[in-house]
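> First the structure, then my questions, so here it is.
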Amino acid sequence: MIALASDHGGFDLKEEVKKHLQERNIEFKDFGTFDKNSCDYPDFGVQAARAVANGECEKGIVICTTGIGISIVANKIKGVRCALCSEITSVRLTREHNDANVLAMGGGFVGPLLANEMVDVFLDTEFSGLEKHSRRISKISEIEKDN
């Protein structure tokens, strides 16, 4: 299951992503927001990130106008590795190298066609498992333990 969240600035793109996930028969849980009324991205991004961290959802996709704020929120949750991306290569590499489990996008910068392609790459690309990447992810986990 995929955790989804957005604020009002990412709402339209989140709705497009939901349609795409439905077309692919991929289950998701929408943590909000549920309309385009002004709201605060931390309220929704944290819920999606916690669902990924606690294993309720396998991965997450979070969206605000720029993707910056909601990615910062997601990365405050221990166990979340959220990558803000706006093109395909970064999405592929963050899965292969960083084993990112949350993708952040900016609804004001990424259109629906590109977003859906990014979602596909995010969901379909496996972590490489290479020792150097595993070592680096372990170091990130150690930093989390200390802070």
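Ordering of the structure tokens sets the chain letters (A, B, ...), residue numbers begin anew at 1 in every chain, and ligands are numbered from 1 in the order given.
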Near segment 136-145 of chain A, within 9 Å and counting only C-alpha atoms, which residues show up once chain neighbours fewer than 6 positions away are dropped, as an MDAnalysis selection string?
chainID A and resid 78:79 97:99
> Please list as a list in words every residue within 10 Å of segment 20-26 of chain A, counting only C-alpha atoms and excluding residues in the same chain fewer than 5 positions away.
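Counting only C-alpha atoms, the residues come to Met1, Ile2, Lys14, Glu15, Pro112, Leu113, Ala115, Asn116, Glu117, Val119, Asp120 and Leu123 of chain A.
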> Hey, which of A:Ala3, A:Gly45, A:Val91, A:Asp124 ends up closest to Cys64 of chain A? Count only C-alpha atoms.
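Under the stated criterion, the closest residue is A:Gly45.
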> Taking only C-alpha atoms into account, which of A:Glu16, A:Ala49, A:Glu126, A:Asn54 comes nearest Ala104 of chain A?
A:Ala49
> Would you list, as number ranges by chain, the residues of chain A that end up in alpha helix (DSSP H) under DSSP run on this structure's backbone?
A: 11-23, 41-53, 68-74, 88-98, 112-124, 131-146
> Which one is closest to Phe34 of chain A: A:Ala83, A:Cys57, A:Ala74, A:Ala5? Count only C-alpha atoms.
A:Ala5
